[in-house]
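A short write-up of the structure that comes next.
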Amino acid sequence: MEYHEDRFMDHSLLIFKENKLMGLLPANMSEGIVISHQGLSYGGLVVAKKAKFSEVMNMFKAVLSFLSSEGLAELHLKTMPKIYCQGPSDEMDYLLFLLQAEQKRVDLASTIDLKHPLKIQSNRMEGVKKAKKQGLSISEGQDFLPFWNEILVPNLKIQHKVQPVHSLEEIAALASKFPKNIVQFIVYQGDTVVAGATIFEVEHLAHVQYISANQEKQQLGSLDFLFHYLITERYKDKRYFDFGISNENQGKNLNEGLLYWKECFGARSIAQSFYTIQTKNYKILDSVFI
């Protein structure tokens, strides 16, 4: 997280049992409130795969007790979507219920179960055919500059008047540290960049961080061509292919066209919830077991 440490007042916590690290909570401070780190897509308590429920509960209780003793009344927690966990890990769902946490926001992401994929719809396959007729090609690597400068940055500026979350320098620095986990795909028509996607991947999952194409994407079928390749060839052996969210306005609205496009590839919805927890409620966890 060091690449954007200047943007956040870090308040990440490490939980120890004697001298052994048991868990951690990536977090930052904003206006006197501790928040699941706003520089990360996903949040929550990170624990070892072997951690039992009682251990997870005691770790989270220790976090809330510590924050309460520091005079911090609230913890804003974003959960980890279940597809990102390496095994069953719903302890936090139960703890949030016990702690009377208030659900404040829900985002909707679109994910393909690659072990049980749905058939890609014909309208997307028409795009693939267009792209092949146009002779489009796909490159894969660590060169982010063509996509950032020629497609992503101009599109975001025109359409939303914003910059990418990662600058070109930041994404390149991240990829240099995690070359097996961050990959740039670029679609070319001859020597011209026409589309691309930046993928963050882990052992069992590929996540789309950025998608963008030039104004001729409908005529060229560039994005259909690229994502057909990613889903059916490049990442076919993963467990999940995650397109990410289609939300706007703090989760209250959906980009209908974007959501429909993802669903045509066979993606279906998963939810990520955001909660507010009163740290003083840690005492409730004293009486869980009978």
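Chain labels run A, B, ... following the order of the structure tokens; each chain numbers its residues from 1, and ligands are numbered from 1 in the order shown.
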Exercise. Write out as a ChimeraX atom specification all residues of stretch 136-236 of chain A that backbone DSSP assigns to strand (DSSP E).
Key: /A:137-141,182-189,192-202,205-213
Can you check which parts of stretch 152-268 of chain A lie within 7 Å of stretch 125-136 of chain A? Per residue, the shortest pair of atoms and distance in Å to one decimal, counting only C-alpha atoms, sorted by chain and number, as a Markdown table.
| residue | atom | partner | partner_atom | distance |
| --- | --- | --- | --- | --- |
| A:Val187 | CA | A:Leu136 | CA | 6.7 |
| A:Tyr188 | CA | A:Leu136 | CA | 5.6 |
| A:Gln189 | CA | A:Leu136 | CA | 4.9 |
| A:Leu220 | CA | A:Ala131 | CA | 5.3 |
| A:Gly221 | CA | A:Gly127 | CA | 4.1 |
| A:Ser222 | CA | A:Ala131 | CA | 5.9 |
| A:Asp224 | CA | A:Gly127 | CA | 5.4 |
| A:Phe225 | CA | A:Val128 | CA | 4.4 |
Self-check item: Residues near A:Leu40, cut-off 10 Å, only C-alpha atoms, skip fewer than 3 positions along chain, as a VMD selection string
Solution: chain A and resid 1 26 to 27 36 to 37 43
Please write the residues from the selection above to a file, keeping N, CA and C atoms, as a compact mmCIF listing (two decimals), in the first residue's frame.
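Wrote again24.txt, looks like this:
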# COMPACT_ATOMS: atom_id res chain seq x y z
N MET A 1 0.82 -1.22 0.00
CA MET A 1 0.00 0.00 0.00
C MET A 1 0.85 1.27 0.00
N PRO A 26 -6.33 -4.05 7.62
CA PRO A 26 -5.89 -2.87 6.87
C PRO A 26 -6.92 -1.75 7.06
N ALA A 27 -6.48 -0.58 7.49
CA ALA A 27 -7.42 0.50 7.79
C ALA A 27 -6.72 1.85 7.70
N SER A 36 -12.13 0.59 6.96
CA SER A 36 -11.44 -0.42 6.16
C SER A 36 -10.70 0.30 5.05
N HIS A 37 -9.43 0.01 4.86
CA HIS A 37 -8.54 0.87 4.07
C HIS A 37 -9.16 1.30 2.75
N GLY A 43 -11.89 -5.29 1.93
CA GLY A 43 -11.46 -5.08 3.30
C GLY A 43 -11.88 -6.18 4.23
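Taking atom CA of A:Tyr3 and atom CA of A:Ile182 as endpoints, the distance between them is 15.1 Å.
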Quiz item: So which one's closest to A:Met22, A:Ile120, A:Leu99, A:Val47, A:Val288? Using only C-alpha atoms, please.
Solution: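 For A:Met22, the nearest of the given residues is A:Val47.
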Which residues of stretch 34-111 of chain A come within 9 Å of stretch 200-206 of chain A, and for each one, what is the closest pair of atoms and their distance in Å to one decimal, counting only C-alpha atoms, sorted by chain and residue number, as JSON lines?
{"residue": "A:Ile83", "atom": "CA", "partner": "A:Leu205", "partner_atom": "CA", "distance": 8.1}
{"residue": "A:Tyr84", "atom": "CA", "partner": "A:Leu205", "partner_atom": "CA", "distance": 7.4}
{"residue": "A:Gln86", "atom": "CA", "partner": "A:His204", "partner_atom": "CA", "distance": 8.2}
Exercise. Once DSSP has gone over the backbone, tell me which residues of stretch 80-260 of chain A are in helix (DSSP H, G or I), as an MDAnalysis selection string.
Key: chainID A and resid 82:84 91:98 122:133 145:160 168:177 217:220 222:234 256:260
Exercise. Give the answer as one residue: which of A:Glu216, A:Leu152, A:Ala173, A:Lys238 has the shortest atom-to-atom distance to A:Ala197, using only C-alpha atoms?
Key: A:Leu152
Quiz prompt | Near-A:Ile211 list (12 Å; only C-alpha atoms; drop same-chain fewer than 3 positions) as a PyMOL selection string | solution = chain A and resi 147-148+151-153+155-156+164+184-187+194-199+207-208+214+217+222-224+226-227+243-246+258+262
Kindly export the residues of the current selection with C-alpha atoms, as an mmCIF file, in the first residue's frame.
data_model
loop_
_atom_site.group_PDB
_atom_site.id
_atom_site.type_symbol
_atom_site.label_atom_id
_atom_site.label_comp_id
_atom_site.auth_asym_id
_atom_site.auth_seq_id
_atom_site.Cartn_x
_atom_site.Cartn_y
_atom_site.Cartn_z
ATOM 1 C CA PHE A 147 -3.389 1.810 -22.906
ATOM 2 C CA TRP A 148 -3.148 4.512 -20.216
ATOM 3 C CA ILE A 151 -7.356 4.981 -24.231
ATOM 4 C CA LEU A 152 -7.944 4.958 -20.459
ATOM 5 C CA VAL A 153 -6.966 8.481 -19.376
ATOM 6 C CA ASN A 155 -11.879 8.234 -21.922
ATOM 7 C CA LEU A 156 -12.181 8.830 -18.180
ATOM 8 C CA PRO A 164 -7.738 6.544 -13.112
ATOM 9 C CA GLN A 184 -2.016 -5.461 -19.106
ATOM 10 C CA PHE A 185 -3.881 -6.680 -22.184
ATOM 11 C CA ILE A 186 -4.050 -4.402 -25.220
ATOM 12 C CA VAL A 187 -6.110 -4.829 -28.399
ATOM 13 C CA VAL A 194 -8.182 0.330 -29.809
ATOM 14 C CA ALA A 195 -8.988 -1.253 -26.419
ATOM 15 C CA GLY A 196 -7.530 -2.855 -23.336
ATOM 16 C CA ALA A 197 -8.031 -4.300 -19.885
ATOM 17 C CA THR A 198 -5.879 -4.404 -16.765
ATOM 18 C CA ILE A 199 -6.189 -7.640 -14.817
ATOM 19 C CA HIS A 207 -10.265 -9.495 -11.404
ATOM 20 C CA VAL A 208 -10.769 -6.769 -14.006
ATOM 21 C CA ASN A 214 -11.965 3.809 -28.308
ATOM 22 C CA LYS A 217 -15.643 -0.421 -30.059
ATOM 23 C CA SER A 222 -12.778 -4.942 -29.670
ATOM 24 C CA LEU A 223 -13.955 -5.516 -26.105
ATOM 25 C CA ASP A 224 -16.057 -8.546 -27.021
ATOM 26 C CA LEU A 226 -10.728 -9.319 -25.760
ATOM 27 C CA PHE A 227 -13.039 -10.664 -23.070
ATOM 28 C CA PHE A 243 -15.660 -8.087 -13.752
ATOM 29 C CA GLY A 244 -16.021 -5.902 -10.653
ATOM 30 C CA ILE A 245 -18.852 -3.518 -9.830
ATOM 31 C CA SER A 246 -21.166 -1.513 -12.089
ATOM 32 C CA LEU A 258 -22.326 -1.977 -18.418
ATOM 33 C CA LYS A 262 -21.032 -8.261 -18.399
#
Might you pull out every residue within 12 Å of A:Glu263, with only C-alpha atoms counted and same-chain residues fewer than 6 positions away left off, and present them as a CSV table (one decimal) with C-alpha atoms, in the first residue's frame?
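Writing done, so here's selection-v6.csv:
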chain,number,residue,atom,x,y,z
A,109,ALA,CA,-20.2,-7.0,-8.8
A,110,SER,CA,-20.5,-9.4,-11.8
A,111,THR,CA,-18.7,-12.7,-11.6
A,112,ILE,CA,-18.4,-15.8,-13.8
A,117,PRO,CA,-20.0,-21.2,-17.0
A,118,LEU,CA,-23.1,-20.0,-18.8
A,119,LYS,CA,-23.1,-19.8,-22.6
A,120,ILE,CA,-21.8,-16.5,-23.9
A,121,GLN,CA,-24.7,-14.8,-25.7
A,123,ASN,CA,-24.6,-10.6,-29.4
A,124,ARG,CA,-21.2,-10.9,-27.8
A,242,ASP,CA,-14.6,-11.1,-11.7
A,243,PHE,CA,-15.7,-8.1,-13.8
A,244,GLY,CA,-16.0,-5.9,-10.7
A,245,ILE,CA,-18.9,-3.5,-9.8
A,246,SER,CA,-21.2,-1.5,-12.1
A,256,GLU,CA,-27.4,-0.6,-16.8
A,257,GLY,CA,-25.6,-0.9,-20.1
A,269,SER,CA,-24.2,-10.9,-9.3
Practice problem: Using atom CA of A:Leu67 and atom CA of A:Val46 as the two end points, give the distance in Å to one decimal. | Solution: 17.3 Å
Self-check item: atom CA of A:Gly251 to atom CA of A:Ala271, straight-line distance in Å
Solution: 10.4 Å
Quiz item: Can you tell me, as a list in words, what residues are no more than 12 Å from A:Glu31 when counting only C-alpha atoms, ignoring any on the same chain fewer than 6 positions away?
Solution: Phe8, Met9, Leu72, Ala73, Glu74, Leu75 and His76 of chain A
